[in-house]
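Colleague: Data: protein23.csv, CSV, C-alpha atoms.
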chain,number,residue,atom,x,y,z
Y,268,MET,CA,7.6,7.2,-8.9
Y,269,LYS,CA,3.8,6.8,-9.0
Y,270,PRO,CA,2.8,3.3,-7.8
Y,271,ALA,CA,1.1,1.1,-10.4
Y,272,PRO,CA,-2.6,0.2,-9.8
Y,273,LEU,CA,-3.2,-3.1,-8.0
Y,274,ALA,CA,-6.6,-3.8,-9.5
Y,275,PRO,CA,-5.6,-5.1,-13.0
Y,276,PRO,CA,-3.1,-7.8,-11.8
Y,277,PHE,CA,-5.4,-8.6,-8.8
Y,278,ALA,CA,-8.3,-9.1,-11.3
Y,279,ARG,CA,-6.2,-11.4,-13.4
Y,280,ARG,CA,-5.3,-13.5,-10.4
Y,281,MET,CA,-8.8,-13.6,-9.0
Y,282,ALA,CA,-10.6,-14.6,-12.2
Y,283,PRO,CA,-9.3,-18.3,-12.2
Y,284,LEU,CA,-9.9,-18.6,-8.4
Y,285,ALA,CA,-13.4,-17.3,-8.7
Y,286,LEU,CA,-14.1,-19.6,-11.7
Y,287,VAL,CA,-12.7,-22.7,-9.8
Y,288,ALA,CA,-14.8,-21.8,-6.8
Y,289,GLY,CA,-17.9,-21.4,-8.9
Y,290,VAL,CA,-17.3,-24.7,-10.7
Y,291,ILE,CA,-16.7,-26.5,-7.4
Y,292,PHE,CA,-19.9,-25.1,-5.9
Y,293,GLY,CA,-22.0,-25.6,-9.1
Y,294,ALA,CA,-20.9,-29.0,-10.1
Y,295,VAL,CA,-19.3,-30.9,-7.2
Y,296,VAL,CA,-22.0,-30.1,-4.6
Y,297,PRO,CA,-24.9,-31.5,-6.6
Y,298,ALA,CA,-22.8,-34.4,-7.9
Y,299,VAL,CA,-21.8,-35.4,-4.3
Y,300,TYR,CA,-25.4,-35.1,-3.2
Y,301,GLN,CA,-26.7,-37.3,-6.1
Y,302,THR,CA,-24.0,-39.8,-5.6
Y,303,PHE,CA,-24.6,-40.2,-1.9
Y,304,ALA,CA,-28.4,-40.2,-2.2
Y,305,LEU,CA,-28.3,-42.9,-4.9
Y,306,ARG,CA,-25.9,-44.9,-2.8
Y,307,ALA,CA,-28.2,-44.7,0.2
Y,308,ARG,CA,-31.2,-45.8,-2.0
Y,309,SER,CA,-29.1,-48.7,-3.3
Y,310,ALA,CA,-28.2,-49.7,0.3
Y,311,GLU,CA,-31.9,-49.6,1.1
Y,312,ALA,CA,-32.6,-51.9,-1.8
Y,313,ARG,CA,-29.9,-54.2,-0.6
Y,314,VAL,CA,-31.5,-54.4,2.9
Y,315,TRP,CA,-34.8,-55.4,1.3
Y,316,ALA,CA,-33.0,-58.0,-0.8
Y,317,GLN,CA,-31.3,-59.4,2.3
Y,318,ASP,CA,-34.7,-59.7,4.1
Y,319,ALA,CA,-36.3,-61.5,1.2
Y,320,ALA,CA,-33.2,-63.7,0.8
Y,321,ALA,CA,-33.4,-64.7,4.5
Y,322,THR,CA,-37.0,-65.9,4.0
Y,323,LEU,CA,-36.1,-67.8,0.8
Y,324,GLU,CA,-33.1,-69.4,2.5
Y,325,ARG,CA,-35.5,-71.1,5.0
Y,326,GLN,CA,-37.5,-72.5,2.1
Y,327,ALA,CA,-34.3,-73.5,0.3
Y,328,ARG,CA,-33.1,-75.5,3.2
Y,329,LEU,CA,-36.5,-77.4,3.4
Y,330,ARG,CA,-36.9,-77.8,-0.3
Y,331,PRO,CA,-33.6,-77.4,-2.0
Y,332,ALA,CA,-34.7,-78.3,-5.5
Y,333,LEU,CA,-38.2,-77.0,-5.6
Y,334,TRP,CA,-38.0,-73.6,-3.8
Y,335,PRO,CA,-37.4,-71.6,-7.0
Y,336,TYR,CA,-40.5,-72.9,-8.5
Y,337,ASP,CA,-42.9,-72.4,-5.6
Y,338,VAL,CA,-44.5,-69.2,-6.8
Y,339,PRO,CA,-46.9,-68.7,-3.9
Y,340,ALA,CA,-44.0,-69.0,-1.5
Y,341,LEU,CA,-41.9,-66.5,-3.5
Y,342,LEU,CA,-44.8,-64.1,-3.7
Y,343,ALA,CA,-45.3,-64.4,0.1
Y,344,ALA,CA,-41.6,-63.8,0.7
Y,345,THR,CA,-41.4,-60.7,-1.6
Y,346,ASP,CA,-44.9,-59.3,-1.0
Y,347,VAL,CA,-43.6,-56.8,1.6
Y,348,VAL,CA,-41.2,-55.4,-1.0
Y,349,VAL,CA,-43.5,-54.9,-3.9
Y,350,ARG,CA,-46.5,-53.4,-2.1
Y,351,SER,CA,-46.9,-50.0,-0.5
Y,352,PRO,CA,-45.0,-48.1,0.6
Y,353,VAL,CA,-41.9,-49.6,-1.0
Y,354,PHE,CA,-43.2,-50.4,-4.5
Y,355,GLY,CA,-40.0,-52.3,-5.3
Y,356,ARG,CA,-39.5,-54.7,-8.1
Y,357,VAL,CA,-38.0,-58.1,-7.2
Y,358,ARG,CA,-36.2,-60.7,-9.3
Y,359,VAL,CA,-35.0,-64.1,-8.1
Y,360,ASP,CA,-32.4,-66.0,-10.1
Y,361,ALA,CA,-31.5,-69.6,-9.6
Y,362,ARG,CA,-29.0,-71.7,-11.5
Y,363,ARG,CA,-28.1,-68.5,-13.5
Y,364,GLU,CA,-31.6,-68.2,-14.8
Y,365,ARG,CA,-34.4,-65.8,-13.9
Y,366,VAL,CA,-37.0,-67.9,-12.2
Y,367,PHE,CA,-39.3,-65.3,-10.6
Y,368,GLU,CA,-40.0,-61.6,-11.0
Y,369,SER,CA,-42.7,-59.4,-9.4
Y,370,GLY,CA,-43.5,-55.8,-8.8
Y,371,PRO,CA,-44.1,-52.7,-11.0
Y,372,ASP,CA,-42.8,-52.6,-14.6
Y,373,HIS,CA,-39.2,-51.6,-15.3
Y,374,ARG,CA,-38.6,-47.9,-14.5
Y,375,PRO,CA,-35.7,-45.9,-16.0
Y,376,ASP,CA,-34.8,-44.2,-12.7
Y,377,GLU,CA,-34.1,-47.3,-10.6
Y,378,VAL,CA,-31.3,-48.4,-8.3
Y,379,SER,CA,-30.7,-52.0,-7.4
Y,380,GLY,CA,-29.5,-54.0,-4.4
Y,381,TRP,CA,-29.1,-57.7,-4.2
Y,382,ALA,CA,-28.4,-60.5,-1.7
Y,383,PRO,CA,-27.4,-64.2,-2.2
Y,384,VAL,CA,-29.7,-67.1,-1.2
Y,385,LEU,CA,-27.5,-69.7,0.6
Y,386,ALA,CA,-28.5,-73.4,0.9
Y,387,THR,CA,-26.3,-76.1,2.4
Y,388,GLY,CA,-23.4,-73.7,2.4
Y,389,HIS,CA,-23.7,-72.9,-1.3
Y,390,VAL,CA,-25.3,-70.1,-3.2
Y,391,ALA,CA,-28.6,-71.5,-4.4
Y,392,GLY,CA,-29.9,-68.2,-6.0
Y,393,ARG,CA,-29.9,-64.5,-5.8
Y,394,VAL,CA,-32.5,-61.9,-5.0
Y,395,GLU,CA,-32.4,-58.5,-6.7
Y,396,VAL,CA,-34.5,-55.6,-5.5
Y,397,ARG,CA,-34.8,-52.5,-7.6
Y,398,LEU,CA,-36.2,-49.3,-6.0
Y,399,ASP,CA,-37.4,-46.2,-7.7
Y,400,ALA,CA,-34.9,-43.2,-7.6
Y,401,SER,CA,-36.8,-40.7,-9.7
Y,402,GLY,CA,-37.4,-38.5,-6.7
Y,403,ILE,CA,-33.7,-38.4,-5.9
Y,404,ARG,CA,-32.8,-37.6,-9.5
Y,405,ALA,CA,-35.5,-34.9,-9.6
Y,406,SER,CA,-34.2,-33.4,-6.4
Y,407,ALA,CA,-30.6,-33.7,-7.8
Y,408,LYS,CA,-31.7,-31.9,-11.0
Y,409,LEU,CA,-33.2,-29.1,-9.0
Y,410,LEU,CA,-30.1,-29.0,-6.9
Y,411,TRP,CA,-27.9,-28.9,-10.1
Y,412,ILE,CA,-29.8,-25.9,-11.3
Y,413,ALA,CA,-29.7,-24.1,-8.0
Y,414,ALA,CA,-26.0,-25.0,-7.5
Y,415,LEU,CA,-25.1,-23.8,-11.0
Y,416,LEU,CA,-26.8,-20.5,-10.3
Y,417,GLY,CA,-25.2,-20.3,-6.9
Y,418,GLY,CA,-21.8,-21.1,-8.4
Y,419,VAL,CA,-22.2,-18.3,-10.9
Y,420,LEU,CA,-23.2,-15.9,-8.2
Y,421,LEU,CA,-20.4,-17.1,-6.0
Y,422,ALA,CA,-17.9,-16.7,-8.8
Y,423,LEU,CA,-19.1,-13.2,-9.6
Y,424,ALA,CA,-19.1,-12.3,-5.9
Y,425,LEU,CA,-15.6,-13.7,-5.4
Y,426,TYR,CA,-14.4,-11.8,-8.4
Y,427,PHE,CA,-16.2,-8.5,-8.3
Y,428,VAL,CA,-16.3,-7.8,-4.5
Y,429,PRO,CA,-12.5,-7.9,-3.9
Y,430,VAL,CA,-11.8,-6.4,-7.3
Y,431,VAL,CA,-14.1,-3.5,-6.6
Y,432,THR,CA,-12.6,-3.0,-3.2
Y,433,VAL,CA,-9.1,-3.0,-4.6
Y,434,ARG,CA,-10.2,-0.5,-7.3
Y,435,ARG,CA,-11.6,1.8,-4.6
Y,436,GLY,CA,-8.2,1.4,-2.9
Y,437,ASP,CA,-6.5,2.3,-6.1
Y,438,ALA,CA,-8.7,5.3,-6.6
Y,439,ARG,CA,-8.0,6.4,-3.0
Y,440,ASP,CA,-4.3,5.9,-3.6
Y,441,ALA,CA,-4.5,7.9,-6.8
Y,442,GLU,CA,-6.2,10.7,-4.9
Y,443,LEU,CA,-3.6,10.6,-2.2
Y,444,TRP,CA,-0.8,10.5,-4.7
Y,445,SER,CA,-2.3,13.4,-6.6
Y,446,ALA,CA,-2.5,15.3,-3.3
Y,447,LEU,CA,1.1,14.3,-2.6
Y,448,GLU,CA,2.3,15.5,-6.0
Y,449,ASN,CA,0.5,18.8,-5.5
Y,450,ALA,CA,2.0,19.2,-2.1
Y,451,ASN,CA,5.4,18.2,-3.6
Y,452,ALA,CA,5.0,20.7,-6.4
Y,453,THR,CA,4.1,23.4,-3.9
Y,454,LEU,CA,7.0,22.4,-1.7
Y,455,GLU,CA,9.4,22.4,-4.7
Y,456,ALA,CA,8.1,25.8,-5.7
Y,457,ARG,CA,8.6,27.1,-2.2
Y,458,VAL,CA,12.0,25.5,-2.0
Y,459,ALA,CA,13.0,27.0,-5.4
Y,460,GLU,CA,11.7,30.3,-4.3
Y,461,ARG,CA,13.5,30.1,-1.0
Y,462,THR,CA,16.7,28.9,-2.8
Y,463,ALA,CA,16.4,31.8,-5.2
Y,464,GLU,CA,16.0,34.2,-2.2
Y,465,LEU,CA,19.0,32.6,-0.4
Y,466,SER,CA,21.0,32.8,-3.6
Y,467,ALA,CA,20.1,36.4,-4.0
Y,468,ARG,CA,21.0,37.0,-0.4
Y,469,GLU,CA,24.2,35.1,-0.8
Y,470,ALA,CA,25.0,37.2,-3.9
Y,471,GLU,CA,24.2,40.3,-2.0
Y,472,LEU,CA,26.4,39.2,1.0
Y,473,SER,CA,29.2,38.3,-1.4
Y,474,ALA,CA,28.9,41.7,-3.1
Y,475,LEU,CA,28.7,43.4,0.3
Y,476,GLY,CA,31.8,41.5,1.4
Y,477,ALA,CA,33.7,42.4,-1.7
Y,478,ARG,CA,32.6,46.0,-1.3
Y,479,LEU,CA,33.7,45.9,2.4
Y,480,VAL,CA,37.1,44.5,1.4
Y,481,GLN,CA,37.4,47.2,-1.3
Y,482,VAL,CA,36.4,49.9,1.2
Y,483,GLN,CA,38.8,48.5,3.7
Y,484,GLU,CA,41.6,48.5,1.3
Y,485,GLU,CA,40.8,52.0,0.2
Y,486,GLU,CA,40.7,53.1,3.8
Y,487,ARG,CA,44.0,51.4,4.4
Y,488,ALA,CA,45.5,53.2,1.4
Y,489,ARG,CA,44.1,56.5,2.6
Y,490,ILE,CA,45.4,56.0,6.2
Y,491,SER,CA,48.7,54.9,4.8
Y,492,ARG,CA,49.0,58.0,2.6
Y,493,ASP,CA,47.9,60.2,5.5
Y,494,LEU,CA,50.5,58.7,7.8
Y,495,HIS,CA,53.2,59.0,5.2
Y,496,ASP,CA,52.3,62.4,3.9
Y,497,GLU,CA,50.9,64.3,6.8
Y,498,LEU,CA,52.3,62.8,10.0
Y,499,GLY,CA,55.5,61.9,8.3
Y,500,GLN,CA,56.0,65.4,7.0
Y,501,THR,CA,55.1,66.8,10.4
Y,502,LEU,CA,57.7,64.7,12.1
Y,503,THR,CA,60.2,65.5,9.4
Y,504,GLY,CA,59.6,69.3,9.9
Y,505,LEU,CA,59.8,68.9,13.7
Y,506,ARG,CA,63.2,67.1,13.2
Y,507,LEU,CA,64.5,70.0,11.0
Y,508,ARG,CA,63.5,72.5,13.6
Y,509,LEU,CA,65.2,70.6,16.4
Y,510,THR,CA,68.3,70.3,14.2
Y,511,THR,CA,68.3,74.0,13.6
Y,512,LEU,CA,67.8,74.7,17.3
Y,513,SER,CA,70.8,72.4,18.1
Y,514,SER,CA,72.9,74.4,15.6
Y,515,VAL,CA,71.9,77.7,17.2
Y,516,LEU,CA,72.6,76.6,20.7
Y,517,GLY,CA,76.0,75.1,19.9
Y,518,ASP,CA,77.7,72.0,21.0
Y,519,THR,CA,78.4,73.2,24.6
Y,520,HIS,CA,74.9,74.2,25.5
Y,521,PRO,CA,73.6,72.1,28.4
Y,522,GLY,CA,70.2,71.7,26.5
Y,523,ASN,CA,71.8,69.6,23.8
Y,524,VAL,CA,71.2,66.4,25.8
Y,525,HIS,CA,67.4,67.0,25.7
Y,526,LEU,CA,67.6,68.0,22.0
Y,527,ASP,CA,69.4,64.7,21.2
Y,528,ALA,CA,66.8,62.7,23.1
Y,529,ALA,CA,64.0,64.6,21.3
Y,530,LEU,CA,65.7,64.0,17.9
Y,531,GLY,CA,65.9,60.2,18.8
Y,532,ALA,CA,62.3,60.1,19.7
Y,533,VAL,CA,61.3,61.9,16.5
Y,534,ASP,CA,63.5,59.5,14.4
Y,535,GLU,CA,61.8,56.5,16.2
Y,536,GLY,CA,58.4,58.0,15.5
Y,537,VAL,CA,59.3,58.5,11.8
Y,538,GLU,CA,60.4,54.8,11.6
Y,539,GLN,CA,57.2,53.7,13.4
Y,540,VAL,CA,55.0,55.8,11.0
Y,541,ARG,CA,56.9,54.4,8.0
Y,542,HIS,CA,56.5,50.8,9.3
Y,543,LEU,CA,52.8,51.3,10.1
Y,544,ALA,CA,52.2,52.9,6.7
Y,545,HIS,CA,53.9,49.9,5.1
Y,546,ARG,CA,51.8,47.4,6.9
Y,547,MET,CA,48.6,49.3,6.0
Y,548,ARG,CA,49.5,49.3,2.4
Y,549,PRO,CA,53.1,49.0,1.1
Y,550,ALA,CA,54.0,51.8,-1.3
Y,551,ALA,CA,55.8,49.3,-3.5
Y,552,LEU,CA,52.5,47.5,-4.2
Y,553,ASP,CA,51.3,50.6,-6.1
Y,554,GLY,CA,54.6,51.8,-7.4
Y,555,LEU,CA,56.7,48.7,-8.2
Y,556,GLY,CA,54.1,45.8,-8.4
Y,557,LEU,CA,53.3,42.7,-6.4
Y,558,SER,CA,56.5,40.8,-6.9
Y,559,ALA,CA,58.6,43.7,-5.6
Y,560,ALA,CA,56.2,44.3,-2.7
Y,561,LEU,CA,56.2,40.7,-1.7
Y,562,ARG,CA,60.0,40.4,-2.0
Y,563,GLY,CA,60.5,43.5,0.2
Y,564,HIS,CA,58.0,42.4,2.8
Y,565,ALA,CA,59.2,38.8,2.9
Y,566,GLU,CA,62.9,39.8,3.2
Y,567,GLN,CA,62.2,42.2,6.0
Y,568,TRP,CA,60.0,39.6,7.7
Y,569,ALA,CA,62.7,36.9,7.3
Y,570,ALA,CA,65.4,39.2,8.7
Y,571,ASN,CA,63.3,40.0,11.8
Y,572,ALA,CA,62.2,36.4,12.3
Y,573,GLY,CA,65.6,34.8,11.7
Y,574,VAL,CA,64.3,32.5,9.0
Y,575,ARG,CA,65.9,31.5,5.7
Y,576,LEU,CA,63.8,32.7,2.7
Y,577,VAL,CA,63.6,31.0,-0.7
Y,578,GLU,CA,61.9,33.0,-3.4
Y,579,ALA,CA,60.5,32.0,-6.7
Y,580,LEU,CA,58.5,35.1,-7.9
Y,581,ALA,CA,57.6,35.6,-11.5
Y,582,ASP,CA,58.7,38.6,-13.4
Y,583,ALA,CA,55.2,39.1,-14.8
Y,584,GLU,CA,52.5,40.8,-12.8
Y,585,PRO,CA,49.1,39.3,-12.0
Y,586,PRO,CA,46.0,41.4,-12.7
Y,587,PRO,CA,45.8,44.5,-10.5
Y,588,GLU,CA,42.7,43.3,-8.7
Y,589,HIS,CA,44.5,40.2,-7.6
Y,590,ALA,CA,47.6,41.9,-6.3
Y,591,GLU,CA,46.1,43.1,-3.0
Y,592,VAL,CA,44.5,39.7,-2.4
Y,593,PHE,CA,47.8,37.8,-2.9
Y,594,PHE,CA,49.7,40.3,-0.7
Y,595,ARG,CA,47.3,40.0,2.2
Y,596,VAL,CA,47.4,36.1,2.0
Y,597,ALA,CA,51.2,36.1,2.0
Y,598,GLN,CA,51.2,38.7,4.8
Y,599,GLU,CA,48.9,36.6,7.0
Y,600,ALA,CA,50.7,33.3,6.2
Y,601,LEU,CA,54.0,34.8,7.2
Y,602,THR,CA,52.5,36.1,10.4
Y,603,ASN,CA,51.2,32.7,11.3
Y,604,ILE,CA,54.5,31.1,10.5
Y,605,ALA,CA,56.3,33.5,12.9
Y,606,ARG,CA,53.8,32.9,15.6
Y,607,HIS,CA,53.2,29.1,15.5
Y,608,ALA,CA,55.5,27.2,13.1
Y,609,ALA,CA,59.0,27.5,14.6
Y,610,ALA,CA,60.2,27.1,11.0
Y,611,ARG,CA,63.8,27.3,9.7
Y,612,THR,CA,63.1,27.8,6.0
Y,613,VAL,CA,60.1,29.4,4.2
Y,614,THR,CA,59.5,29.2,0.5
Y,615,LEU,CA,57.5,31.8,-1.4
Y,616,VAL,CA,56.3,31.1,-4.9
Y,617,LEU,CA,54.2,33.3,-7.2
Y,618,GLY,CA,53.4,32.7,-10.8
Y,619,PRO,CA,50.9,31.7,-13.5
Y,620,PHE,CA,49.2,28.4,-13.0
Y,621,ASP,CA,46.2,26.6,-14.6
Y,622,ASP,CA,44.5,29.5,-16.3
Y,623,GLY,CA,45.2,31.8,-13.4
Y,624,TRP,CA,47.7,32.8,-10.8
Y,625,ARG,CA,49.0,30.9,-7.8
Y,626,LEU,CA,50.7,31.9,-4.6
Y,627,VAL,CA,52.4,29.2,-2.4
Y,628,VAL,CA,53.8,29.9,1.1
Y,629,GLU,CA,55.5,26.8,2.5
Y,630,ASP,CA,57.4,26.2,5.7
Y,631,ASP,CA,59.2,23.3,7.4
Y,632,GLY,CA,57.9,23.9,10.9
Y,633,ARG,CA,55.6,21.9,13.2
Y,634,GLY,CA,52.8,21.4,10.7
Y,635,LEU,CA,49.1,21.5,11.2
Y,636,PRO,CA,47.8,20.9,14.8
Y,637,PRO,CA,45.5,18.0,15.4
Y,638,PRO,CA,41.8,18.7,15.2
Y,639,ASP,CA,40.4,20.2,18.4
Y,640,PRO,CA,36.8,21.4,18.4
Y,641,THR,CA,37.4,23.4,21.6
Y,642,ARG,CA,40.3,25.4,20.1
Y,643,ARG,CA,39.3,28.9,18.7
Y,644,ARG,CA,40.1,29.4,15.1
Y,645,GLY,CA,42.1,32.5,14.1
Y,646,LEU,CA,40.4,35.1,12.0
Y,647,GLY,CA,43.5,35.8,9.9
Y,648,LEU,CA,43.3,32.9,7.5
Y,649,VAL,CA,39.5,32.9,7.6
Y,650,GLY,CA,39.5,36.5,6.3
Y,651,ALA,CA,42.2,35.6,3.7
Y,652,ARG,CA,40.1,32.7,2.5
Y,653,GLU,CA,37.0,34.9,2.2
Y,654,ARG,CA,39.1,37.4,0.2
Y,655,VAL,CA,40.2,34.7,-2.2
Y,656,GLU,CA,36.8,33.1,-2.6
Y,657,GLN,CA,35.2,36.5,-3.2
Y,658,ALA,CA,37.7,37.0,-6.0
Y,659,GLY,CA,36.6,33.7,-7.5
Y,660,GLY,CA,39.5,31.5,-6.4
Y,661,TYR,CA,40.3,29.1,-3.5
Y,662,LEU,CA,42.7,28.8,-0.6
Y,663,ASP,CA,43.9,25.5,0.8
Y,664,LEU,CA,46.0,24.5,3.8
Y,665,GLU,CA,48.0,21.3,3.1
Y,666,PRO,CA,50.6,19.3,5.0
Y,667,ALA,CA,54.0,19.9,3.6
Y,668,THR,CA,56.7,17.2,3.0
Y,669,PRO,CA,58.4,16.1,5.2
Y,670,SER,CA,56.9,18.6,7.7
Y,671,GLY,CA,55.3,22.0,7.9
Y,672,VAL,CA,52.3,23.6,6.3
Y,673,ARG,CA,51.7,24.6,2.6
Y,674,VAL,CA,49.3,27.5,2.0
Y,675,VAL,CA,48.1,27.6,-1.6
Y,676,ALA,CA,46.0,30.5,-3.0
Y,677,TRP,CA,44.8,30.4,-6.6
Y,678,LEU,CA,42.8,33.1,-8.5
Y,679,PRO,CA,41.6,32.9,-12.1
Y,680,GLU,CA,42.4,35.2,-14.9
Y,681,PRO,CA,39.7,37.8,-15.1
Y,682,PRO,CA,37.5,37.6,-18.2
Could I get this structure in the form of structure tokens?
Modeller:
Amino acid sequence: MKPAPLAPPFARRMAPLALVAGVIFGAVVPAVYQTFALRARSAEARVWAQDAAATLERQARLRPALWPYDVPALLAATDVVVRSPVFGRVRVDARRERVFESGPDHRPDEVSGWAPVLATGHVAGRVEVRLDASGIRASAKLLWIAALLGGVLLALALYFVPVVTVRRGDARDAELWSALENANATLEARVAERTAELSAREAELSALGARLVQVQEEERARISRDLHDELGQTLTGLRLRLTTLSSVLGDTHPGNVHLDAALGAVDEGVEQVRHLAHRMRPAALDGLGLSAALRGHAEQWAANAGVRLVEALADAEPPPEHAEVFFRVAQEALTNIARHAAARTVTLVLGPFDDGWRLVVEDDGRGLPPPDPTRRRGLGLVGARERVEQAGGYLDLEPATPSGVRVVAWLPEPP
């Protein structure tokens, strides 16, 4: 999934932060400067007031009742405040009344500082000094303007610089994502192409496997016919000639011993040819059908192996293309039982099942061996499974109950 751009939410979060930073810089800085500058000017006025009050306290101690009215003495005490370079304005209060005032006229930009005048341990008056603060306010005004401009610039910088950086990152991410999508599309196209090639190769291999199986079965049938028709007839003719020769020589001829041995060897060869032809392709499979061929092969196998056989073969016949597959699966399963299972009873089931045909070969022997990666797997059941899968079905090996192995082969009805 394509990642969402980071710039819009980042811009929404940066806007209030940049605004707060701009307000702090544009309003708080000049306000703090003006406040501290005016406080410093007021403290200076208070120092001048304390100096004047100290001079007046000496007069108040000498003349407690008349000192507020001694104008020349008050002028002398406050002269240093009102003249250059201070240019302050002084006011003296006594008995809650203004008794003296000197200095420039009242100015709007003034700050004041005052100090008490003590006489005999009591407050006899108060001196107030007011100093001009117009320069401070003018400087503060200029600072306000500069700070507001700086705050605006700071807010814009705090907002746009990181936002532009994040937008560039989003653009780079978009380019990388586009390149990734193009590479992914190219990769998907290549994977699809390779998958199609593999599917085609797999289909070709499957068709080739099916053709090989078909050719193998055709070759088996041809060899079986050749063994039965040609070699069998040759051996039969040889036996007839040996029988005729035995009749000509008579019962007392000394060569009859060798003739009897030759006839036994011919009979054994005929039986071997018949057995080999049956294993290559039983004649009953073409002549009588799968059920008869399975029954004949299984009964002969059970008699040779000394195993009890239980049959449940349907009267109906599966499609001809399935007969050979089912017969080979049963043949291989019975061979494996004889080799490995040590079974006492074998059950053989063939019949319709789930829109197809099913063959079940079950024994009560040792069961499946434990998994062993070092053990070589036999090719018999592997080839049988390939036959079944090429015909569109499946072959499973399952544990039987209570013991043994259950081989299940299923093939669908052909369309």
Colleague: Between Y:Ala651, Y:Leu601, Y:Ala441, Y:Leu398, which is the closest to Y:Asn571 once you count only C-alpha atoms?
Modeller: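 The shortest atom-to-atom distance to Y:Asn571 comes from Y:Leu601.
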Colleague: Restricting the calculation to only C-alpha atoms, which member of Y:Arg393, Y:Arg374, Y:Arg356, Y:Arg308 is positioned closest to Y:Glu324?
Modeller: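 Of all the options, Y:Arg393 lies closest to Y:Glu324.
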Colleague: I'd like the contact shell of Y:Ala528 - 12 Å cut-off, only C-alpha atoms, skipping same-chain residues fewer than 6 positions apart - returned as a ChimeraX atom specification.
Modeller: /Y:506,509-510,513,522,534-535
Colleague: Please produce a file of those selected residues containing C-alpha atoms, as a PDB file, in the coordinates of the input.
Modeller:
ATOM      1  CA  ARG Y 506      63.200  67.100  13.200  1.00  0.00           C
ATOM      2  CA  LEU Y 509      65.200  70.600  16.400  1.00  0.00           C
ATOM      3  CA  THR Y 510      68.300  70.300  14.200  1.00  0.00           C
ATOM      4  CA  SER Y 513      70.800  72.400  18.100  1.00  0.00           C
ATOM      5  CA  GLY Y 522      70.200  71.700  26.500  1.00  0.00           C
ATOM      6  CA  ASP Y 534      63.500  59.500  14.400  1.00  0.00           C
ATOM      7  CA  GLU Y 535      61.800  56.500  16.200  1.00  0.00           C
TER       8      GLU Y 535
END
Colleague: Show me the residues around (-21.3, -26.2, -7.7) - criterion: an atom at most 10 Å away, only C-alpha atoms counted - as an NGL selection string.
Modeller: :Y and (287-299 or 410-419 or 421)
Colleague: Write out as a PyMOL selection string which residues come within 9 Å of stretch 670-673 of chain Y when counting all atoms listed in the file, dropping same-chain ones fewer than 2 positions away.
Modeller: chain Y and resi 604+608+610+627-635+663-668+675
